[in-house]
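Shown below: model.pdb, with PDB, C-alpha atoms and all ligand atoms.
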```pdb
ATOM      1  CA  MET O 230       0.000   0.000   0.000  1.00  0.00           C
ATOM      2  CA  LYS O 231       1.265   3.428  -0.877  1.00  0.00           C
ATOM      3  CA  SER O 232       2.326   5.476   2.134  1.00  0.00           C
ATOM      4  CA  LYS O 233       1.027   8.996   2.483  1.00  0.00           C
ATOM      5  CA  SER O 234       3.344  11.864   3.265  1.00  0.00           C
ATOM      6  CA  TYR O 235       2.078  15.056   4.763  1.00  0.00           C
ATOM      7  CA  PHE O 236       3.696  18.443   5.020  1.00  0.00           C
ATOM      8  CA  VAL O 237       2.478  21.871   5.910  1.00  0.00           C
ATOM      9  CA  GLU O 238       2.551  24.169   2.922  1.00  0.00           C
ATOM     10  CA  THR O 239       3.509  27.687   3.926  1.00  0.00           C
ATOM     11  CA  PRO O 240       3.977  29.814   0.811  1.00  0.00           C
ATOM     12  CA  LYS O 241       5.250  33.289   1.522  1.00  0.00           C
ATOM     13  CA  ASP O 242       2.474  34.993  -0.429  1.00  0.00           C
ATOM     14  CA  ARG O 243      -0.192  33.601   1.885  1.00  0.00           C
ATOM     15  CA  PRO O 244       0.461  34.629   5.492  1.00  0.00           C
ATOM     16  CA  SER O 245      -2.819  32.957   6.445  1.00  0.00           C
ATOM     17  CA  THR O 246      -1.040  29.611   5.911  1.00  0.00           C
ATOM     18  CA  TRP O 247       1.969  30.513   8.064  1.00  0.00           C
ATOM     19  CA  ILE O 248       2.597  28.538  11.186  1.00  0.00           C
ATOM     20  CA  SER O 249       3.215  29.623  14.777  1.00  0.00           C
ATOM     21  CA  TYR O 250       6.826  30.610  15.216  1.00  0.00           C
ATOM     22  CA  ARG O 251       9.081  28.699  17.588  1.00  0.00           C
ATOM     23  CA  GLN O 252      12.785  29.430  17.741  1.00  0.00           C
ATOM     24  CA  ALA O 253      13.591  25.731  17.339  1.00  0.00           C
ATOM     25  CA  LEU O 254      12.122  25.766  13.810  1.00  0.00           C
ATOM     26  CA  CYS O 255      14.887  28.001  12.465  1.00  0.00           C
ATOM     27  CA  ALA O 256      17.570  25.309  12.736  1.00  0.00           C
ATOM     28  CA  ASN O 257      15.967  23.222   9.994  1.00  0.00           C
ATOM     29  CA  CYS O 258      14.373  25.979   7.918  1.00  0.00           C
ATOM     30  CA  LEU O 259      15.187  27.049   4.410  1.00  0.00           C
ATOM     31  CA  ALA O 260      15.291  30.620   5.788  1.00  0.00           C
ATOM     32  CA  SER O 261      12.190  31.546   3.835  1.00  0.00           C
ATOM     33  CA  CYS O 262      11.912  34.795   5.783  1.00  0.00           C
ATOM     34  CA  CYS O 263      15.223  35.824   4.188  1.00  0.00           C
ATOM     35  CA  MET O 264      13.608  35.475   0.762  1.00  0.00           C
ATOM     36  CA  MET O 265      11.030  38.130   1.553  1.00  0.00           C
ATOM     37  CA  PRO O 266      11.630  41.769   0.584  1.00  0.00           C
ATOM     38  CA  VAL O 267      13.507  43.538   3.385  1.00  0.00           C
ATOM     39  CA  GLU O 268      12.978  47.216   4.146  1.00  0.00           C
ATOM     40  CA  VAL O 269      15.577  48.807   6.377  1.00  0.00           C
ATOM     41  CA  ARG O 270      16.302  52.125   8.040  1.00  0.00           C
ATOM     42  CA  ALA O 271      19.336  54.377   7.704  1.00  0.00           C
ATOM     43  CA  GLU O 272      20.755  53.155  11.019  1.00  0.00           C
ATOM     44  CA  ASP O 273      20.677  49.585   9.695  1.00  0.00           C
ATOM     45  CA  LEU O 274      22.743  50.642   6.683  1.00  0.00           C
ATOM     46  CA  VAL O 275      25.283  52.230   9.020  1.00  0.00           C
ATOM     47  CA  ARG O 276      25.447  49.106  11.202  1.00  0.00           C
ATOM     48  CA  LEU O 277      25.958  47.017   8.053  1.00  0.00           C
ATOM     49  CA  LYS O 278      28.794  49.426   7.167  1.00  0.00           C
ATOM     50  CA  LEU O 279      27.316  50.202   3.783  1.00  0.00           C
ATOM     51  CA  VAL O 280      27.415  53.932   4.602  1.00  0.00           C
ATOM     52  CA  THR O 281      28.858  56.193   7.284  1.00  0.00           C
ATOM     53  CA  PRO O 282      26.800  58.208   9.781  1.00  0.00           C
ATOM     54  CA  ASP O 283      28.130  61.370   8.073  1.00  0.00           C
ATOM     55  CA  GLU O 284      26.796  60.290   4.699  1.00  0.00           C
ATOM     56  CA  ILE O 285      23.373  59.653   6.230  1.00  0.00           C
ATOM     57  CA  GLN O 286      23.475  63.004   7.982  1.00  0.00           C
ATOM     58  CA  ARG O 287      24.232  64.824   4.746  1.00  0.00           C
ATOM     59  CA  SER O 288      21.495  63.346   2.553  1.00  0.00           C
ATOM     60  CA  LYS O 289      19.497  60.113   2.570  1.00  0.00           C
ATOM     61  CA  LYS O 290      18.612  60.648  -1.080  1.00  0.00           C
ATOM     62  CA  ARG O 291      22.301  60.740  -1.998  1.00  0.00           C
ATOM     63  CA  VAL O 292      22.839  57.625   0.070  1.00  0.00           C
ATOM     64  CA  PHE O 293      20.057  55.952  -1.869  1.00  0.00           C
ATOM     65  CA  LYS O 294      21.641  56.881  -5.222  1.00  0.00           C
ATOM     66  CA  LYS O 295      25.048  55.578  -4.094  1.00  0.00           C
ATOM     67  CA  LEU O 296      23.671  52.297  -2.736  1.00  0.00           C
ATOM     68  CA  LYS O 297      21.467  51.793  -5.774  1.00  0.00           C
ATOM     69  CA  ARG O 298      24.528  52.189  -8.004  1.00  0.00           C
ATOM     70  CA  GLU O 299      26.311  49.625  -5.863  1.00  0.00           C
ATOM     71  CA  ARG O 300      23.223  47.385  -6.040  1.00  0.00           C
ATOM     72  CA  TRP O 301      22.659  47.191  -2.293  1.00  0.00           C
ATOM     73  CA  VAL O 302      19.210  48.799  -2.375  1.00  0.00           C
ATOM     74  CA  SER O 303      16.477  48.932  -4.983  1.00  0.00           C
ATOM     75  CA  SER O 304      14.203  51.720  -3.734  1.00  0.00           C
ATOM     76  CA  TYR O 305      13.779  54.417  -1.123  1.00  0.00           C
ATOM     77  CA  ARG O 306      10.533  55.756   0.308  1.00  0.00           C
ATOM     78  CA  GLU O 307      11.040  59.334   1.367  1.00  0.00           C
ATOM     79  CA  GLY O 308       7.936  59.517   3.565  1.00  0.00           C
ATOM     80  CA  SER O 309       8.827  56.581   5.766  1.00  0.00           C
ATOM     81  CA  GLU O 310      12.598  56.808   5.077  1.00  0.00           C
ATOM     82  CA  LEU O 311      12.743  53.084   4.336  1.00  0.00           C
ATOM     83  CA  PHE O 312      15.266  51.554   1.947  1.00  0.00           C
ATOM     84  CA  MET O 313      14.477  48.259   0.199  1.00  0.00           C
ATOM     85  CA  LEU O 314      17.444  45.894   0.077  1.00  0.00           C
ATOM     86  CA  GLN O 315      18.246  44.748  -3.463  1.00  0.00           C
ATOM     87  CA  ALA O 316      17.357  41.058  -3.593  1.00  0.00           C
ATOM     88  CA  LYS O 317      19.436  38.583  -5.570  1.00  0.00           C
ATOM     89  CA  THR O 318      17.895  37.395  -8.827  1.00  0.00           C
ATOM     90  CA  ASN O 319      16.460  34.355  -7.025  1.00  0.00           C
ATOM     91  CA  GLY O 320      14.728  36.580  -4.473  1.00  0.00           C
ATOM     92  CA  GLU O 321      17.150  35.984  -1.621  1.00  0.00           C
ATOM     93  CA  CYS O 322      18.383  38.750   0.643  1.00  0.00           C
ATOM     94  CA  PRO O 323      21.886  39.838  -0.450  1.00  0.00           C
ATOM     95  CA  PHE O 324      23.205  38.772   2.957  1.00  0.00           C
ATOM     96  CA  LEU O 325      21.783  35.261   2.920  1.00  0.00           C
ATOM     97  CA  ASP O 326      24.410  32.570   2.382  1.00  0.00           C
ATOM     98  CA  SER O 327      22.690  30.462  -0.280  1.00  0.00           C
ATOM     99  CA  HIS O 328      24.459  27.276   0.756  1.00  0.00           C
ATOM    100  CA  THR O 329      24.309  27.334   4.548  1.00  0.00           C
ATOM    101  CA  ARG O 330      20.958  29.209   4.557  1.00  0.00           C
ATOM    102  CA  ARG O 331      22.359  31.437   7.313  1.00  0.00           C
ATOM    103  CA  CYS O 332      22.670  35.194   7.538  1.00  0.00           C
ATOM    104  CA  SER O 333      26.221  36.200   6.661  1.00  0.00           C
ATOM    105  CA  ARG O 334      25.836  39.433   8.695  1.00  0.00           C
ATOM    106  CA  TYR O 335      23.897  38.063  11.634  1.00  0.00           C
ATOM    107  CA  GLU O 336      25.521  40.294  14.264  1.00  0.00           C
ATOM    108  CA  ASP O 337      24.834  43.400  12.174  1.00  0.00           C
ATOM    109  CA  ARG O 338      21.478  42.359  10.720  1.00  0.00           C
ATOM    110  CA  PRO O 339      18.748  45.010  10.301  1.00  0.00           C
ATOM    111  CA  GLN O 340      16.348  45.720  13.150  1.00  0.00           C
ATOM    112  CA  VAL O 341      13.413  44.283  11.171  1.00  0.00           C
ATOM    113  CA  CYS O 342      15.237  40.936  10.996  1.00  0.00           C
ATOM    114  CA  ARG O 343      15.658  41.021  14.770  1.00  0.00           C
ATOM    115  CA  ASP O 344      11.966  41.784  15.199  1.00  0.00           C
ATOM    116  CA  PHE O 345      10.546  39.226  12.734  1.00  0.00           C
ATOM    117  CA  PRO O 346       8.192  37.479  13.341  1.00  0.00           C
ATOM    118  CA  LEU O 347       7.293  38.396  16.919  1.00  0.00           C
ATOM    119  CA  ARG O 348       7.282  42.176  16.505  1.00  0.00           C
ATOM    120  CA  ALA O 349       7.331  42.724  12.710  1.00  0.00           C
ATOM    121  CA  GLY O 350       5.894  41.119   9.592  1.00  0.00           C
ATOM    122  CA  PRO O 351       2.516  40.649   7.963  1.00  0.00           C
ATOM    123  CA  ARG O 352       1.367  38.092  10.551  1.00  0.00           C
ATOM    124  CA  ILE O 353       2.811  38.681  13.984  1.00  0.00           C
ATOM    125  CA  GLY O 354       3.857  35.488  15.749  1.00  0.00           C
ATOM    126  CA  CYS O 355       3.750  33.360  12.586  1.00  0.00           C
ATOM    127  CA  CYS O 356       6.271  32.705   9.827  1.00  0.00           C
ATOM    128  CA  PRO O 357       6.610  30.892   6.474  1.00  0.00           C
ATOM    129  CA  TYR O 358       8.664  27.974   7.797  1.00  0.00           C
ATOM    130  CA  GLU O 359       9.837  25.604   5.067  1.00  0.00           C
ATOM    131  CA  PRO O 360      11.814  22.494   5.989  1.00  0.00           C
ATOM    132  CA  ARG O 361      15.095  22.351   4.070  1.00  0.00           C
ATOM    133  CA  ARG O 362      14.372  18.968   2.486  1.00  0.00           C
ATOM    134  CA  LEU O 363      11.424  20.499   0.607  1.00  0.00           C
ATOM    135  CA  SER O 364      13.452  23.440  -0.514  1.00  0.00           C
ATOM    136  CA  SER O 365      14.070  22.827  -4.182  1.00  0.00           C
ATOM    137  CA  ALA O 366      10.472  22.141  -5.145  1.00  0.00           C
ATOM    138  CA  ILE O 367       9.075  24.940  -3.044  1.00  0.00           C
ATOM    139  CA  SER O 368      11.584  27.643  -3.799  1.00  0.00           C
ATOM    140  CA  GLN O 369      10.876  27.206  -7.516  1.00  0.00           C
ATOM    141  CA  ARG O 370       7.235  27.913  -6.838  1.00  0.00           C
ATOM    142  CA  ASN O 371       7.338  30.966  -4.576  1.00  0.00           C
ATOM    143  CA  ARG O 372       7.649  34.147  -6.521  1.00  0.00           C
ATOM    144  CA  TYR O 373       5.469  36.898  -5.010  1.00  0.00           C
ATOM    145  CA  ILE O 374       6.092  37.478  -1.342  1.00  0.00           C
ATOM    146  CA  PRO O 375       4.929  40.097   1.146  1.00  0.00           C
ATOM    147  CA  SER O 376       7.602  42.261   2.678  1.00  0.00           C
ATOM    148  CA  ARG O 377       8.777  42.216   6.260  1.00  0.00           C
ATOM    149  CA  ARG O 378       8.503  45.951   6.665  1.00  0.00           C
ATOM    150  CA  ALA O 379      10.211  47.911   9.343  1.00  0.00           C
ATOM    151  CA  SER O 380       7.508  49.501  11.458  1.00  0.00           C
ATOM    152  CA  SER O 381       7.140  53.190  10.743  1.00  0.00           C
TER     153      SER O 381
HETATM  154  S1  LIG R   1      10.880  31.445   8.262  1.00  0.00           S
HETATM  155 FE1  LIG R   1      10.536  31.225  10.481  1.00  0.00          FE
HETATM  156  S2  LIG R   1      11.478  29.259  11.018  1.00  0.00           S
HETATM  157 FE2  LIG R   1      12.318  29.910   9.039  1.00  0.00          FE
HETATM  158  S3  LIG R   1      14.217  30.980   9.545  1.00  0.00           S
HETATM  159 FE3  LIG R   1      12.557  32.513   9.349  1.00  0.00          FE
HETATM  160  S4  LIG R   1      11.805  32.789  11.444  1.00  0.00           S
HETATM  161 FE4  LIG R   1      12.997  30.855  11.437  1.00  0.00          FE
HETATM  162  S1  LIG R   2      19.927  40.529   6.700  1.00  0.00           S
HETATM  163 FE1  LIG R   2      20.260  38.434   7.358  1.00  0.00          FE
HETATM  164  S2  LIG R   2      18.515  37.946   8.682  1.00  0.00           S
HETATM  165 FE2  LIG R   2      17.976  39.764   7.503  1.00  0.00          FE
HETATM  166  S3  LIG R   2      16.859  38.984   5.698  1.00  0.00           S
HETATM  167 FE3  LIG R   2      19.029  39.213   5.158  1.00  0.00          FE
HETATM  168  S4  LIG R   2      19.938  37.199   5.497  1.00  0.00           S
HETATM  169 FE4  LIG R   2      17.988  37.269   6.608  1.00  0.00          FE
END
```
Give the structure from the file, written as structure tokens.
Ligand code: SF4
Ligand code: SF4
Amino acid sequence: MKSKSYFVETPKDRPSTWISYRQALCANCLASCCMMPVEVRAEDLVRLKLVTPDEIQRSKKRVFKKLKRERWVSSYREGSELFMLQAKTNGECPFLDSHTRRCSRYEDRPQVCRDFPLRAGPRIGCCPYEPRRLSSAISQRNRYIPSRRASS
């Protein structure tokens, strides 16, 4: 008799399907939250050493132009002063190590990454956990994803 296999499907475009976050999940996760658009603040860019405090002080718009040229950010919203990190072509955060599925700048990661999913994200307390063994099939499928916005 054919055995049945079950898994929880948690595509990033449907937060209603996300599961309750527990820290233990992260160890075996594909790091799907690091494949969501990431909006960061000026102080995050300084902590990541992409710009200096002086540059930020002088002009955030000039900072945006510089970082866009260098392909670190893709957009800047003047009203909320949020910069969108430039994702890799496969949708991953530029700081995600594609092989280990770990953040390569964990100590300096943006505040929104520290807050997700308990204090930031489209569904507080829940996240799009994806076990690593399902990664190839699922990552092909997920294209549109909601952002983990920094709170304004
Ligand atoms: S999606 Fe959830 S379980 Fe996976 S790394 Fe992010 S916070 Fe951890
Ligand atoms: S900065 Fe690090 S924790 Fe934040 S989304 Fe990128 S890889 Fe993930």
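Atom S4 of ligand LIG 2 (chain R) sits 13.3 Å away from CA of Asn319 (chain O).
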> Quick one: residues within 6 Å of ligand LIG 1 (chain R), with only C-alpha atoms and all ligand atoms, as an NGL selection string?
Replying inline: :O and (254-255 or 258 or 260-262 or 356-358)
Could you write out the selected residues, including C-alpha atoms, as a PDB file, in the frame of the given file?
```pdb
ATOM      1  CA  LEU O 254      12.122  25.766  13.810  1.00  0.00           C
ATOM      2  CA  CYS O 255      14.887  28.001  12.465  1.00  0.00           C
ATOM      3  CA  CYS O 258      14.373  25.979   7.918  1.00  0.00           C
ATOM      4  CA  ALA O 260      15.291  30.620   5.788  1.00  0.00           C
ATOM      5  CA  SER O 261      12.190  31.546   3.835  1.00  0.00           C
ATOM      6  CA  CYS O 262      11.912  34.795   5.783  1.00  0.00           C
ATOM      7  CA  CYS O 356       6.271  32.705   9.827  1.00  0.00           C
ATOM      8  CA  PRO O 357       6.610  30.892   6.474  1.00  0.00           C
ATOM      9  CA  TYR O 358       8.664  27.974   7.797  1.00  0.00           C
TER      10      TYR O 358
END
```
Using the chain letters and numbers from this file, what does the PyMOL selection byres (((chain O and resi 270) around 8) and not hetatm) select? Give the answer as a PDB file with C-alpha atoms, in the coordinates of the input.
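So result_9.pdb came out as:
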```pdb
ATOM      1  CA  GLU O 268      12.978  47.216   4.146  1.00  0.00           C
ATOM      2  CA  VAL O 269      15.577  48.807   6.377  1.00  0.00           C
ATOM      3  CA  ALA O 271      19.336  54.377   7.704  1.00  0.00           C
ATOM      4  CA  GLU O 272      20.755  53.155  11.019  1.00  0.00           C
ATOM      5  CA  ASP O 273      20.677  49.585   9.695  1.00  0.00           C
ATOM      6  CA  LEU O 274      22.743  50.642   6.683  1.00  0.00           C
ATOM      7  CA  GLU O 310      12.598  56.808   5.077  1.00  0.00           C
ATOM      8  CA  LEU O 311      12.743  53.084   4.336  1.00  0.00           C
ATOM      9  CA  PHE O 312      15.266  51.554   1.947  1.00  0.00           C
ATOM     10  CA  PRO O 339      18.748  45.010  10.301  1.00  0.00           C
ATOM     11  CA  ALA O 379      10.211  47.911   9.343  1.00  0.00           C
TER      12      ALA O 379
END
```
>> Can you spell out as a PyMOL selection string the set of residues that the PyMOL selection byres (((not hetatm)) within 9 of (chain R and resi 2)) selects in the structure I just provided?
In response: chain O and resi 260-267+277+314+321-326+330-343+377
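With all atoms listed in the file as the basis for measurement, O:Lys290 is the residue among O:Gly354, O:Lys290, O:His328, O:Arg276 that approaches Arg306 (chain O) most closely.
Using only C-alpha atoms, the shortest contact distance between Arg362 (chain O) and any of O:Arg300, O:Ile248, O:Gln315, O:Asn257 is found at O:Asn257.
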> Which distance in Å separates CA of Pro282 (chain O) and CA of Ser303 (chain O), to one decimal?
Replying inline: 20.3 Å
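Distance-wise, CA of Val280 (chain O) and CA of Val292 (chain O) end up 7.4 Å apart.
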>> I'd like the residues picked by the PyMOL selection byres (((chain O and resi 247) around 12) and not hetatm) written out as a PyMOL selection string, using the chain letters and numbers from the file.
In response: chain O and resi 237-246+248-250+261-262+346+350-359
Using C-alpha atoms, can you export the residues from the last selection as a CSV table (one decimal), keeping the file's coordinate frame?
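Contents of part-v7.csv, as written:
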```csv
chain,number,residue,atom,x,y,z
O,237,VAL,CA,2.5,21.9,5.9
O,238,GLU,CA,2.6,24.2,2.9
O,239,THR,CA,3.5,27.7,3.9
O,240,PRO,CA,4.0,29.8,0.8
O,241,LYS,CA,5.2,33.3,1.5
O,242,ASP,CA,2.5,35.0,-0.4
O,243,ARG,CA,-0.2,33.6,1.9
O,244,PRO,CA,0.5,34.6,5.5
O,245,SER,CA,-2.8,33.0,6.4
O,246,THR,CA,-1.0,29.6,5.9
O,248,ILE,CA,2.6,28.5,11.2
O,249,SER,CA,3.2,29.6,14.8
O,250,TYR,CA,6.8,30.6,15.2
O,261,SER,CA,12.2,31.5,3.8
O,262,CYS,CA,11.9,34.8,5.8
O,346,PRO,CA,8.2,37.5,13.3
O,350,GLY,CA,5.9,41.1,9.6
O,351,PRO,CA,2.5,40.6,8.0
O,352,ARG,CA,1.4,38.1,10.6
O,353,ILE,CA,2.8,38.7,14.0
O,354,GLY,CA,3.9,35.5,15.7
O,355,CYS,CA,3.8,33.4,12.6
O,356,CYS,CA,6.3,32.7,9.8
O,357,PRO,CA,6.6,30.9,6.5
O,358,TYR,CA,8.7,28.0,7.8
O,359,GLU,CA,9.8,25.6,5.1
```
> Which residue gives the smallest distance to Lys295 (chain O) among O:Met313, O:Ala253, O:Leu259, O:Leu279, with only C-alpha atoms counted?
Replying inline: O:Leu279
Give me region 299-334 of chain O with N, CA and C atoms filled in, as a PDB file, keeping the file's coordinate frame.
```pdb
ATOM      1  N   GLU O 299      25.531  50.776  -6.342  1.00  0.00           N
ATOM      2  CA  GLU O 299      26.311  49.625  -5.863  1.00  0.00           C
ATOM      3  C   GLU O 299      25.449  48.367  -5.724  1.00  0.00           C
ATOM      4  N   ARG O 300      24.176  48.501  -6.039  1.00  0.00           N
ATOM      5  CA  ARG O 300      23.223  47.385  -6.040  1.00  0.00           C
ATOM      6  C   ARG O 300      22.975  46.787  -4.646  1.00  0.00           C
ATOM      7  N   TRP O 301      23.022  47.647  -3.639  1.00  0.00           N
ATOM      8  CA  TRP O 301      22.659  47.191  -2.293  1.00  0.00           C
ATOM      9  C   TRP O 301      21.184  47.436  -2.006  1.00  0.00           C
ATOM     10  N   VAL O 302      20.629  48.502  -2.599  1.00  0.00           N
ATOM     11  CA  VAL O 302      19.210  48.799  -2.375  1.00  0.00           C
ATOM     12  C   VAL O 302      18.529  49.011  -3.723  1.00  0.00           C
ATOM     13  N   SER O 303      17.215  48.787  -3.730  1.00  0.00           N
ATOM     14  CA  SER O 303      16.477  48.932  -4.983  1.00  0.00           C
ATOM     15  C   SER O 303      15.537  50.133  -4.968  1.00  0.00           C
ATOM     16  N   SER O 304      15.107  50.567  -3.776  1.00  0.00           N
ATOM     17  CA  SER O 304      14.203  51.720  -3.734  1.00  0.00           C
ATOM     18  C   SER O 304      14.310  52.410  -2.381  1.00  0.00           C
ATOM     19  N   TYR O 305      13.773  53.629  -2.365  1.00  0.00           N
ATOM     20  CA  TYR O 305      13.779  54.417  -1.123  1.00  0.00           C
ATOM     21  C   TYR O 305      12.462  55.159  -1.031  1.00  0.00           C
ATOM     22  N   ARG O 306      11.801  55.039   0.121  1.00  0.00           N
ATOM     23  CA  ARG O 306      10.533  55.756   0.308  1.00  0.00           C
ATOM     24  C   ARG O 306      10.804  56.943   1.227  1.00  0.00           C
ATOM     25  N   GLU O 307      10.694  58.124   0.620  1.00  0.00           N
ATOM     26  CA  GLU O 307      11.040  59.334   1.367  1.00  0.00           C
ATOM     27  C   GLU O 307      10.169  59.530   2.602  1.00  0.00           C
ATOM     28  N   GLY O 308       8.869  59.285   2.462  1.00  0.00           N
ATOM     29  CA  GLY O 308       7.936  59.517   3.565  1.00  0.00           C
ATOM     30  C   GLY O 308       8.307  58.724   4.810  1.00  0.00           C
ATOM     31  N   SER O 309       8.529  57.437   4.615  1.00  0.00           N
ATOM     32  CA  SER O 309       8.827  56.581   5.766  1.00  0.00           C
ATOM     33  C   SER O 309      10.331  56.388   5.963  1.00  0.00           C
ATOM     34  N   GLU O 310      11.129  56.920   5.019  1.00  0.00           N
ATOM     35  CA  GLU O 310      12.598  56.808   5.077  1.00  0.00           C
ATOM     36  C   GLU O 310      13.057  55.353   5.155  1.00  0.00           C
ATOM     37  N   LEU O 311      12.384  54.504   4.375  1.00  0.00           N
ATOM     38  CA  LEU O 311      12.743  53.084   4.336  1.00  0.00           C
ATOM     39  C   LEU O 311      13.435  52.756   3.015  1.00  0.00           C
ATOM     40  N   PHE O 312      14.526  52.011   3.123  1.00  0.00           N
ATOM     41  CA  PHE O 312      15.266  51.554   1.947  1.00  0.00           C
ATOM     42  C   PHE O 312      14.940  50.067   1.752  1.00  0.00           C
ATOM     43  N   MET O 313      14.712  49.676   0.497  1.00  0.00           N
ATOM     44  CA  MET O 313      14.477  48.259   0.199  1.00  0.00           C
ATOM     45  C   MET O 313      15.807  47.628  -0.211  1.00  0.00           C
ATOM     46  N   LEU O 314      16.211  46.578   0.484  1.00  0.00           N
ATOM     47  CA  LEU O 314      17.444  45.894   0.077  1.00  0.00           C
ATOM     48  C   LEU O 314      17.252  45.278  -1.307  1.00  0.00           C
ATOM     49  N   GLN O 315      18.297  45.335  -2.118  1.00  0.00           N
ATOM     50  CA  GLN O 315      18.246  44.748  -3.463  1.00  0.00           C
ATOM     51  C   GLN O 315      18.383  43.230  -3.351  1.00  0.00           C
ATOM     52  N   ALA O 316      17.307  42.525  -3.683  1.00  0.00           N
ATOM     53  CA  ALA O 316      17.357  41.058  -3.593  1.00  0.00           C
ATOM     54  C   ALA O 316      18.219  40.487  -4.717  1.00  0.00           C
ATOM     55  N   LYS O 317      18.742  39.296  -4.491  1.00  0.00           N
ATOM     56  CA  LYS O 317      19.436  38.583  -5.570  1.00  0.00           C
ATOM     57  C   LYS O 317      18.397  38.190  -6.618  1.00  0.00           C
ATOM     58  N   THR O 318      18.846  37.727  -7.757  1.00  0.00           N
ATOM     59  CA  THR O 318      17.895  37.395  -8.827  1.00  0.00           C
ATOM     60  C   THR O 318      16.943  36.274  -8.408  1.00  0.00           C
ATOM     61  N   ASN O 319      17.347  35.436  -7.473  1.00  0.00           N
ATOM     62  CA  ASN O 319      16.460  34.355  -7.025  1.00  0.00           C
ATOM     63  C   ASN O 319      15.573  34.785  -5.851  1.00  0.00           C
ATOM     64  N   GLY O 320      15.606  36.074  -5.523  1.00  0.00           N
ATOM     65  CA  GLY O 320      14.728  36.580  -4.473  1.00  0.00           C
ATOM     66  C   GLY O 320      15.328  36.576  -3.086  1.00  0.00           C
ATOM     67  N   GLU O 321      16.536  36.039  -2.951  1.00  0.00           N
ATOM     68  CA  GLU O 321      17.150  35.984  -1.621  1.00  0.00           C
ATOM     69  C   GLU O 321      17.717  37.342  -1.216  1.00  0.00           C
ATOM     70  N   CYS O 322      17.722  37.570   0.091  1.00  0.00           N
ATOM     71  CA  CYS O 322      18.383  38.750   0.643  1.00  0.00           C
ATOM     72  C   CYS O 322      19.863  38.707   0.245  1.00  0.00           C
ATOM     73  N   PRO O 323      20.473  39.857  -0.038  1.00  0.00           N
ATOM     74  CA  PRO O 323      21.886  39.838  -0.450  1.00  0.00           C
ATOM     75  C   PRO O 323      22.825  39.289   0.629  1.00  0.00           C
ATOM     76  N   PHE O 324      22.343  39.244   1.876  1.00  0.00           N
ATOM     77  CA  PHE O 324      23.205  38.772   2.957  1.00  0.00           C
ATOM     78  C   PHE O 324      22.952  37.316   3.332  1.00  0.00           C
ATOM     79  N   LEU O 325      22.041  36.682   2.627  1.00  0.00           N
ATOM     80  CA  LEU O 325      21.783  35.261   2.920  1.00  0.00           C
ATOM     81  C   LEU O 325      22.836  34.399   2.219  1.00  0.00           C
ATOM     82  N   ASP O 326      23.487  33.528   2.983  1.00  0.00           N
ATOM     83  CA  ASP O 326      24.410  32.570   2.382  1.00  0.00           C
ATOM     84  C   ASP O 326      23.556  31.465   1.762  1.00  0.00           C
ATOM     85  N   SER O 327      23.584  31.377   0.438  1.00  0.00           N
ATOM     86  CA  SER O 327      22.690  30.462  -0.280  1.00  0.00           C
ATOM     87  C   SER O 327      22.932  29.004   0.067  1.00  0.00           C
ATOM     88  N   HIS O 328      24.148  28.680   0.485  1.00  0.00           N
ATOM     89  CA  HIS O 328      24.459  27.276   0.756  1.00  0.00           C
ATOM     90  C   HIS O 328      24.119  26.876   2.188  1.00  0.00           C
ATOM     91  N   THR O 329      24.571  27.691   3.141  1.00  0.00           N
ATOM     92  CA  THR O 329      24.309  27.334   4.548  1.00  0.00           C
ATOM     93  C   THR O 329      22.907  27.738   4.976  1.00  0.00           C
ATOM     94  N   ARG O 330      22.270  28.637   4.222  1.00  0.00           N
ATOM     95  CA  ARG O 330      20.958  29.209   4.557  1.00  0.00           C
ATOM     96  C   ARG O 330      21.028  29.995   5.857  1.00  0.00           C
ATOM     97  N   ARG O 331      22.174  30.607   6.125  1.00  0.00           N
ATOM     98  CA  ARG O 331      22.359  31.437   7.313  1.00  0.00           C
ATOM     99  C   ARG O 331      22.659  32.866   6.892  1.00  0.00           C
ATOM    100  N   CYS O 332      22.375  33.785   7.792  1.00  0.00           N
ATOM    101  CA  CYS O 332      22.670  35.194   7.538  1.00  0.00           C
ATOM    102  C   CYS O 332      24.170  35.410   7.664  1.00  0.00           C
ATOM    103  N   SER O 333      24.772  35.979   6.633  1.00  0.00           N
ATOM    104  CA  SER O 333      26.221  36.200   6.661  1.00  0.00           C
ATOM    105  C   SER O 333      26.584  37.433   7.488  1.00  0.00           C
ATOM    106  N   ARG O 334      25.570  38.225   7.891  1.00  0.00           N
ATOM    107  CA  ARG O 334      25.836  39.433   8.695  1.00  0.00           C
ATOM    108  C   ARG O 334      24.967  39.421   9.955  1.00  0.00           C
TER     109      ARG O 334
END
```
